[in-house]
>>> print(open('protein_4.txt').read())   # compact mmCIF, C-alpha atoms
# COMPACT_ATOMS: atom_id res chain seq x y z
CA MET L 1 -46.99 28.37 -91.12
CA ASP L 2 -46.88 25.98 -94.05
CA ILE L 3 -45.25 26.96 -97.31
CA PRO L 4 -48.01 27.64 -99.85
CA THR L 5 -48.05 25.68 -103.04
CA THR L 6 -47.07 27.98 -105.88
CA ALA L 7 -47.53 27.81 -109.60
CA MET L 8 -44.01 26.37 -109.79
CA ASP L 9 -45.31 23.28 -108.01
CA ALA L 10 -48.15 22.60 -110.43
CA PRO L 11 -47.46 19.41 -112.42
CA THR L 12 -47.40 20.04 -116.15
CA ARG L 13 -47.44 16.43 -117.38
CA TRP L 14 -47.74 12.97 -115.89
CA TRP L 15 -44.43 11.66 -117.19
CA PRO L 16 -42.06 13.66 -114.88
CA LYS L 17 -43.62 11.96 -111.84
CA ALA L 18 -43.49 8.58 -113.55
CA LEU L 19 -39.84 9.14 -114.47
CA LEU L 20 -39.02 10.21 -110.92
CA GLY L 21 -40.74 7.11 -109.54
CA ALA L 22 -38.76 4.88 -111.90
CA VAL L 23 -35.47 6.53 -110.94
CA LEU L 24 -36.20 6.19 -107.22
CA LEU L 25 -37.16 2.54 -107.68
CA ALA L 26 -33.89 1.92 -109.54
CA VAL L 27 -31.99 3.61 -106.72
CA VAL L 28 -33.66 1.39 -104.12
CA VAL L 29 -32.92 -1.77 -106.11
CA ALA L 30 -29.31 -0.78 -106.84
CA ASN L 31 -28.49 0.55 -103.36
CA PRO L 32 -30.65 -1.29 -100.81
CA ARG L 33 -28.11 -0.90 -98.00
CA ARG L 34 -27.85 2.86 -98.39
CA VAL L 35 -31.62 3.21 -98.51
CA LEU L 36 -31.90 1.16 -95.30
CA PHE L 37 -29.71 3.78 -93.63
CA VAL L 38 -32.77 6.09 -93.55
CA PRO L 39 -34.92 3.90 -91.24
CA LEU L 40 -31.80 3.27 -89.12
CA LEU L 41 -31.38 7.02 -88.55
CA PHE L 42 -35.12 7.25 -87.89
CA ALA L 43 -34.85 4.62 -85.15
CA VAL L 44 -31.85 6.35 -83.55
CA VAL L 45 -32.85 10.02 -83.69
CA VAL L 46 -36.66 10.20 -83.56
CA PRO L 47 -36.95 8.84 -79.98
CA PHE L 48 -34.81 11.76 -78.79
CA GLU L 49 -36.99 14.18 -80.76
CA LYS L 50 -40.06 12.79 -79.02
CA LEU L 51 -38.53 12.73 -75.54
CA PHE L 52 -36.87 16.16 -75.73
CA PRO L 53 -38.74 18.14 -78.41
CA ARG L 54 -37.83 21.73 -79.15
CA HIS L 55 -41.05 22.32 -81.09
CA ARG L 56 -44.20 20.23 -80.78
CA GLN L 57 -44.85 18.93 -84.27
CA ARG L 58 -46.37 15.87 -85.83
CA LEU L 59 -44.16 13.13 -87.22
CA ARG L 60 -45.95 13.52 -90.56
CA ARG L 61 -45.33 17.25 -90.72
CA PRO L 62 -45.59 19.44 -93.87
CA GLY L 63 -42.75 18.85 -96.30
CA LEU L 64 -41.97 15.36 -95.01
CA SER L 65 -42.68 13.66 -98.34
CA THR L 66 -40.23 15.98 -100.10
CA ASP L 67 -37.50 15.30 -97.54
CA LEU L 68 -38.10 11.54 -97.73
CA THR L 69 -37.71 11.74 -101.49
CA TYR L 70 -34.36 13.46 -101.01
CA ALA L 71 -33.36 10.70 -98.58
CA VAL L 72 -34.27 7.86 -100.96
CA ALA L 73 -32.63 9.66 -103.89
CA GLN L 74 -29.35 10.32 -102.02
CA PRO L 75 -27.27 7.77 -104.00
CA ALA L 76 -28.27 9.39 -107.31
CA LEU L 77 -27.89 12.92 -105.93
CA THR L 78 -24.47 12.04 -104.49
CA ALA L 79 -23.33 10.70 -107.87
CA ALA L 80 -24.41 13.92 -109.59
CA SER L 81 -22.69 15.97 -106.89
CA LEU L 82 -19.45 14.01 -107.31
CA VAL L 83 -19.39 14.55 -111.09
CA VAL L 84 -19.90 18.30 -110.72
CA GLY L 85 -17.62 18.39 -107.66
CA VAL L 86 -14.68 16.87 -109.54
CA ALA L 87 -15.02 19.49 -112.26
CA VAL L 88 -15.33 22.31 -109.72
CA GLY L 89 -12.38 20.98 -107.70
CA VAL L 90 -10.09 20.85 -110.73
CA LEU L 91 -11.18 24.18 -112.22
CA SER L 92 -10.96 25.94 -108.86
CA LEU L 93 -7.15 25.46 -108.89
CA ALA L 94 -7.37 24.73 -105.14
CA TRP L 95 -4.79 21.99 -105.75
CA ALA L 96 -2.13 24.60 -106.67
CA PRO L 97 -1.60 26.07 -103.17
CA GLY L 98 -1.99 22.56 -101.80
CA LEU L 99 1.01 21.36 -103.82
CA LEU L 100 3.06 24.29 -102.50
CA LEU L 101 2.30 23.24 -98.91
CA ARG L 102 3.00 19.55 -99.52
CA PRO L 103 6.64 19.55 -98.27
CA ALA L 104 5.67 21.33 -95.04
CA VAL L 105 2.78 18.92 -94.44
CA ALA L 106 5.02 15.90 -95.04
CA ALA L 107 7.37 17.15 -92.30
CA LEU L 108 4.62 17.20 -89.65
CA PRO L 109 4.31 14.37 -87.10
CA PRO L 110 1.24 12.16 -87.81
CA VAL L 111 -0.81 13.45 -84.86
CA VAL L 112 -0.07 17.09 -85.71
CA ARG L 113 -0.83 16.41 -89.38
CA THR L 114 -4.27 15.00 -88.50
CA ALA L 115 -5.09 17.92 -86.21
CA THR L 116 -3.95 20.38 -88.89
CA ALA L 117 -6.18 18.69 -91.47
CA VAL L 118 -9.21 19.04 -89.19
CA VAL L 119 -8.50 22.74 -88.53
CA LEU L 120 -7.86 23.55 -92.21
CA PHE L 121 -10.96 21.61 -93.29
CA ASP L 122 -13.11 23.43 -90.76
CA LEU L 123 -11.76 26.86 -91.68
CA ALA L 124 -12.21 26.23 -95.41
CA ILE L 125 -15.74 24.90 -94.92
CA TYR L 126 -16.61 27.94 -92.81
CA TRP L 127 -15.80 30.22 -95.74
CA ALA L 128 -17.38 27.93 -98.33
CA HIS L 129 -20.56 27.85 -96.24
CA ARG L 130 -20.48 31.60 -95.68
CA TRP L 131 -20.05 32.30 -99.39
CA SER L 132 -22.97 29.97 -100.18
CA HIS L 133 -25.13 32.42 -98.21
CA GLU L 134 -23.60 35.75 -99.20
CA VAL L 135 -22.85 35.20 -102.90
CA PRO L 136 -26.19 35.37 -104.80
CA PHE L 137 -25.33 32.71 -107.41
CA LEU L 138 -24.29 30.21 -104.72
CA TRP L 139 -27.36 31.05 -102.60
CA ARG L 140 -29.54 29.93 -105.52
CA PHE L 141 -28.51 26.34 -104.71
CA HIS L 142 -28.00 26.56 -100.95
CA SER L 143 -31.42 28.14 -100.40
CA VAL L 144 -32.98 24.76 -101.21
CA HIS L 145 -31.44 23.36 -98.02
CA HIS L 146 -32.81 26.28 -96.01
CA SER L 147 -36.31 26.10 -97.49
CA SER L 148 -37.73 23.67 -94.91
CA GLU L 149 -39.98 25.42 -92.40
CA ARG L 150 -39.84 22.43 -90.05
CA MET L 151 -36.48 21.52 -88.51
CA ASP L 152 -35.88 17.88 -87.67
CA TRP L 153 -33.41 15.11 -88.52
CA ILE L 154 -34.75 14.42 -92.01
CA SER L 155 -34.60 18.09 -93.04
CA ALA L 156 -30.80 17.71 -93.07
CA VAL L 157 -30.92 15.73 -96.33
CA ARG L 158 -32.84 18.40 -98.25
CA ALA L 159 -30.04 19.82 -100.39
CA HIS L 160 -29.48 20.48 -104.08
CA PRO L 161 -26.74 18.16 -105.44
CA PHE L 162 -24.83 21.08 -106.96
CA ASP L 163 -24.75 22.79 -103.56
CA GLY L 164 -22.45 20.08 -102.22
CA SER L 165 -19.95 20.66 -105.03
CA LEU L 166 -18.59 23.63 -103.09
CA LEU L 167 -16.99 21.09 -100.77
CA ALA L 168 -14.83 19.78 -103.63
CA PRO L 169 -12.14 22.52 -103.65
CA VAL L 170 -11.60 21.93 -99.92
CA VAL L 171 -11.06 18.19 -100.36
CA VAL L 172 -8.87 18.74 -103.44
CA PHE L 173 -6.73 21.22 -101.49
CA LEU L 174 -6.24 18.80 -98.57
CA ILE L 175 -5.31 15.86 -100.81
CA ALA L 176 -2.94 17.98 -102.92
CA ALA L 177 -1.28 19.24 -99.73
CA GLY L 178 -0.45 15.67 -98.76
CA PHE L 179 -3.16 14.92 -96.22
CA SER L 180 -4.60 11.42 -96.34
CA PRO L 181 -7.42 11.02 -98.90
CA ARG L 182 -9.10 8.69 -96.41
CA LEU L 183 -8.97 11.38 -93.71
CA SER L 184 -10.27 14.04 -96.11
CA GLY L 185 -13.16 11.80 -97.11
CA ALA L 186 -13.86 10.91 -93.48
CA LEU L 187 -14.12 14.60 -92.58
CA ALA L 188 -16.62 15.17 -95.39
CA ILE L 189 -18.69 12.16 -94.24
CA ALA L 190 -18.50 13.28 -90.60
CA GLN L 191 -19.84 16.68 -91.59
CA ALA L 192 -22.88 15.04 -93.24
CA VAL L 193 -23.58 12.63 -90.37
CA ILE L 194 -23.19 15.26 -87.65
CA GLY L 195 -25.50 17.49 -89.68
CA VAL L 196 -28.38 15.05 -89.12
CA PHE L 197 -28.11 15.48 -85.34
CA LEU L 198 -27.65 19.26 -85.58
CA HIS L 199 -30.95 19.55 -87.46
CA ALA L 200 -32.80 17.34 -84.99
CA ASN L 201 -35.85 18.76 -83.25
CA VAL L 202 -34.36 18.61 -79.75
CA ARG L 203 -34.26 21.30 -77.09
CA TRP L 204 -30.74 20.64 -75.78
CA ARG L 205 -28.67 23.79 -75.18
CA TRP L 206 -25.38 22.29 -73.96
CA ARG L 207 -24.35 25.74 -72.73
CA PRO L 208 -20.87 24.75 -71.44
CA LEU L 209 -20.00 23.54 -74.96
CA GLN L 210 -21.51 26.32 -77.05
CA LYS L 211 -18.21 28.08 -77.68
CA VAL L 212 -16.26 24.84 -78.06
CA VAL L 213 -18.24 22.70 -80.52
CA ILE L 214 -21.38 23.36 -82.51
CA THR L 215 -24.67 22.23 -80.97
CA PRO L 216 -28.25 21.83 -82.23
CA GLU L 217 -29.06 25.22 -80.68
CA PHE L 218 -26.19 26.81 -82.64
CA HIS L 219 -27.29 25.33 -85.96
CA HIS L 220 -30.99 26.02 -85.44
CA TRP L 221 -30.12 29.71 -85.15
CA HIS L 222 -28.27 29.36 -88.45
CA HIS L 223 -31.53 28.17 -90.04
CA ALA L 224 -33.73 30.77 -88.33
CA ASN L 225 -35.51 33.10 -90.74
CA GLU L 226 -35.37 35.99 -88.28
CA PRO L 227 -33.72 39.32 -89.22
CA ASP L 228 -30.95 39.38 -86.61
CA ALA L 229 -30.10 35.70 -87.12
CA LEU L 230 -29.55 35.82 -90.89
CA ASN L 231 -26.01 35.10 -92.12
CA THR L 232 -24.74 33.76 -88.81
CA ASN L 233 -23.32 30.52 -87.31
CA TYR L 234 -21.59 29.10 -90.38
CA ALA L 235 -19.19 26.70 -88.63
CA VAL L 236 -19.58 22.95 -89.13
CA PHE L 237 -17.35 21.73 -86.27
CA LEU L 238 -15.81 24.60 -84.26
CA PRO L 239 -17.64 27.89 -83.40
CA VAL L 240 -14.26 29.60 -83.03
CA TRP L 241 -14.46 30.73 -86.67
CA ASP L 242 -17.78 32.50 -86.11
CA LEU L 243 -16.37 34.09 -82.95
CA LEU L 244 -13.26 35.17 -84.83
CA PHE L 245 -15.01 36.54 -87.93
CA GLY L 246 -17.98 38.12 -86.14
CA THR L 247 -20.79 35.80 -87.25
CA TYR L 248 -21.49 34.08 -83.91
CA PHE L 249 -25.11 34.47 -82.76
CA MET L 250 -26.52 32.86 -79.60
CA PRO L 251 -29.00 35.18 -77.82
CA ARG L 252 -29.51 34.79 -74.10
CA ASP L 253 -33.26 34.99 -73.67
CA ARG L 254 -34.93 33.41 -76.70
CA ARG L 255 -34.80 30.50 -79.10
CA PRO L 256 -35.39 30.26 -82.87
CA MET L 257 -39.06 29.97 -83.80
CA LEU L 258 -39.27 30.73 -87.54
CA TYR L 259 -37.39 28.76 -90.20
CA GLY L 260 -37.31 28.70 -93.99
CA VAL L 261 -36.52 31.32 -96.64
CA SER L 262 -38.31 34.52 -97.55
CA GLU L 263 -38.16 34.11 -101.33
CA PRO L 264 -40.63 31.86 -103.22
CA MET L 265 -39.52 28.24 -103.32
CA PRO L 266 -41.23 25.19 -104.83
CA THR L 267 -42.28 22.57 -102.31
CA THR L 268 -41.75 19.51 -104.54
CA PHE L 269 -38.55 17.54 -105.07
CA ILE L 270 -38.41 18.12 -108.84
CA GLY L 271 -39.40 21.76 -108.44
CA GLN L 272 -36.58 22.37 -105.99
CA LEU L 273 -34.00 20.66 -108.21
CA ARG L 274 -35.03 22.89 -111.11
CA HIS L 275 -35.44 26.10 -109.11
CA PRO L 276 -31.76 27.23 -108.96
CA LEU L 277 -31.38 26.64 -112.71
CA ARG L 278 -34.19 29.00 -113.71
CA GLY L 279 -32.96 31.98 -115.67
CA LEU L 280 -29.49 30.54 -116.32
CA GLN L 281 -28.21 30.50 -119.87
CA ASN L 282 -28.42 27.22 -121.72
CA PRO L 283 -24.82 25.91 -122.06
CA LEU L 284 -25.60 24.80 -125.62
CA VAL L 285 -25.95 28.47 -126.55
CA ALA L 286 -22.39 29.11 -125.36
CA ALA L 287 -21.22 26.10 -127.40
CA ARG L 288 -22.77 27.59 -130.55
CA HIS L 289 -21.27 31.00 -129.81
CA PRO L 290 -17.98 30.22 -128.00
CA ILE L 291 -16.54 33.76 -128.10
CA ASP L 292 -19.65 35.29 -126.55
CA GLY L 293 -19.80 32.40 -124.09
CA LEU L 294 -16.23 32.97 -122.94
CA ARG L 295 -16.88 36.68 -122.53
CA SER L 296 -19.98 35.98 -120.44
CA LEU L 297 -18.05 33.47 -118.34
CA ARG L 298 -15.25 35.97 -117.75
CA ARG L 299 -17.72 38.63 -116.63
CA ALA L 300 -19.45 36.14 -114.33
CA LEU L 301 -16.14 35.05 -112.79
CA ARG L 302 -15.10 38.66 -112.18
CA ARG L 303 -18.45 39.41 -110.58
CA GLY L 304 -18.19 36.28 -108.44
CA ARG L 305 -14.67 37.17 -107.32
CA SER L 306 -15.83 40.64 -106.29
CA GLN L 307 -18.68 39.13 -104.28
CA LEU L 308 -16.33 36.70 -102.52
CA ILE L 309 -14.00 39.54 -101.56
CA ALA L 310 -16.93 41.68 -100.39
CA SER L 311 -18.09 38.85 -98.15
CA MET L 312 -14.63 38.55 -96.59
CA ARG L 313 -14.51 42.29 -95.97
CA ARG L 314 -17.98 42.50 -94.46
CA PRO L 315 -17.73 44.31 -91.11
CA ALA L 316 -17.93 41.97 -88.14
CA ARG L 317 -21.17 42.19 -86.21
CA ARG L 318 -21.19 42.35 -82.46
CA PRO L 319 -21.49 38.71 -81.32
CA SER L 320 -24.50 37.73 -79.27
CA TYR L 321 -23.61 35.25 -76.54
CA THR L 322 -25.53 32.86 -74.36
CA LEU L 323 -24.18 32.96 -70.83
>>> encode(input="protein_4.txt", output="structure tokens")
Amino acid sequence: MDIPTTAMDAPTRWWPKALLGAVLLAVVVANPRRVLFVPLLFAVVVPFEKLFPRHRQRLRRPGLSTDLTYAVAQPALTAASLVVGVAVGVLSLAWAPGLLLRPAVAALPPVVRTATAVVLFDLAIYWAHRWSHEVPFLWRFHSVHHSSERMDWISAVRAHPFDGSLLAPVVVFLIAAGFSPRLSGALAIAQAVIGVFLHANVRWRWRPLQKVVITPEFHHWHHANEPDALNTNYAVFLPVWDLLFGTYFMPRDRRPMLYGVSEPMPTTFIGQLRHPLRGLQNPLVAARHPIDGLRSLRRALRRGRSQLIASMRRPARRPSYTL
């Protein structure tokens, strides 16, 4: 079922589209190599989707133009995400516990240090990903990524730039703890690249590996808009965290069929970038009234902290396994 066009999608003026076209053209001119990465992924992944399809769907499926826009705009979106991410990473104070662990990390042998970085990164990303689903404010942004009703390789790039800023505290923590910045960055890049293959429209189950590493089947269930599959399969590398915290879901006798989100979501690129910001207070208002702004921020932070704790205390569900 295709997502219906809503009033949010209706263009109000001609100039937003013209401005978007100009920005995308500038991105292509300034970053031709990064833009060429899109057809390279197409050439690598699409043949597997055609040879081993999970769902029969046309190459030019609904929502493709929106996802292609995200792909072309990735350099600009990444820059915006980095700016916000740096601010979030510093303000999160994730560097403080990292500095406390720095002497212990420095004492580890190189191989053990690398393995520890991978485990800590994966554990931290599990909780960051879980909170992006279970904390309403964070879901505002993450829901954009889940809005695609067609799962394939290109749907992986549909993501609001502010959604990725939640990765910043994890990277800041690792670097402050003394892990290599190059390794921390490589883990973040690996997560993005692997994500393309996990979203691919392929029918592989890889049953012997399902409890060892994440597979396309595992991640497709994460995207399934089916009642018993919601809020499951958060891991980005190792399913052990979902098994440990009770969010592992791999049913024996069926496969995900319905994707997307239940709430209304614009179908256009600009509409989706604006959607999470609707209803939020204009920051200029807080600047004009700093005392009221600080009070509102304090209330929001307290509410957010309570929601994070509630997510961590959520009773574990009974895992569903594929044998």
>>> atom_distance(input="protein_4.txt", atom1="CA of Asp228 in chain L", atom2="CA of Arg252 in chain L")
13.4 Å
>>> residues_near_point(input="protein_4.txt", point="(-19.3, 18.7, -108.3)", cutoff="12 Å", atoms="all atoms listed in the file", output="number ranges by chain")
L: 77-92, 160-172
>>> atom_distance(input="protein_4.txt", atom1="CA of Pro264 in chain L", atom2="CA of Leu68 in chain L")
21.2 Å
>>> residues_around(input="protein_4.txt", residues="Val193 in chain L", least_positions_apart="4", cutoff="10 Å", atoms="only C-alpha atoms", output="list in words")
Leu41, Ala156, Val157, Leu187, Ala188, Ile189, Phe197 and Leu198 of chain L
>>> residues_around(input="protein_4.txt", residues="His219 in chain L", least_positions_apart="6", cutoff="12 Å", atoms="all atoms listed in the file", output="number ranges by chain")
L: 146, 151-152, 156, 194-205, 210, 213, 229-239, 242, 248-250, 255-256, 259
>>> closest_residue(input="protein_4.txt", among="L:Trp139, L:Phe245, L:Phe48, L:Phe218", to="Leu123 in chain L", atoms="all atoms listed in the file")
L:Phe245
>>> closest_residue(input="protein_4.txt", among="L:Ser148, L:Ala71, L:Ala104, L:Arg60", to="Met265 in chain L", atoms="all atoms listed in the file")
L:Ser148
>>> atom_distance(input="protein_4.txt", atom1="CA of Pro276 in chain L", atom2="CA of Asn225 in chain L")
19.5 Å
>>> closest_residue(input="protein_4.txt", among="L:Gly178, L:His129, L:Val135, L:Gly63", to="Ser306 in chain L", atoms="all atoms listed in the file")
L:Val135
>>> closest_residue(input="protein_4.txt", among="L:Ala94, L:Leu209, L:Ala117, L:Leu273", to="Pro181 in chain L", atoms="all atoms listed in the file")
L:Ala117
>>> closest_residue(input="protein_4.txt", among="L:Arg182, L:Lys211, L:Arg130, L:Arg313", to="His142 in chain L", atoms="all atoms listed in the file")
L:Arg130
>>> closest_residue(input="protein_4.txt", among="L:Gln191, L:Thr247, L:Thr268, L:Ser147", to="Asp122 in chain L", atoms="all atoms listed in the file")
L:Gln191
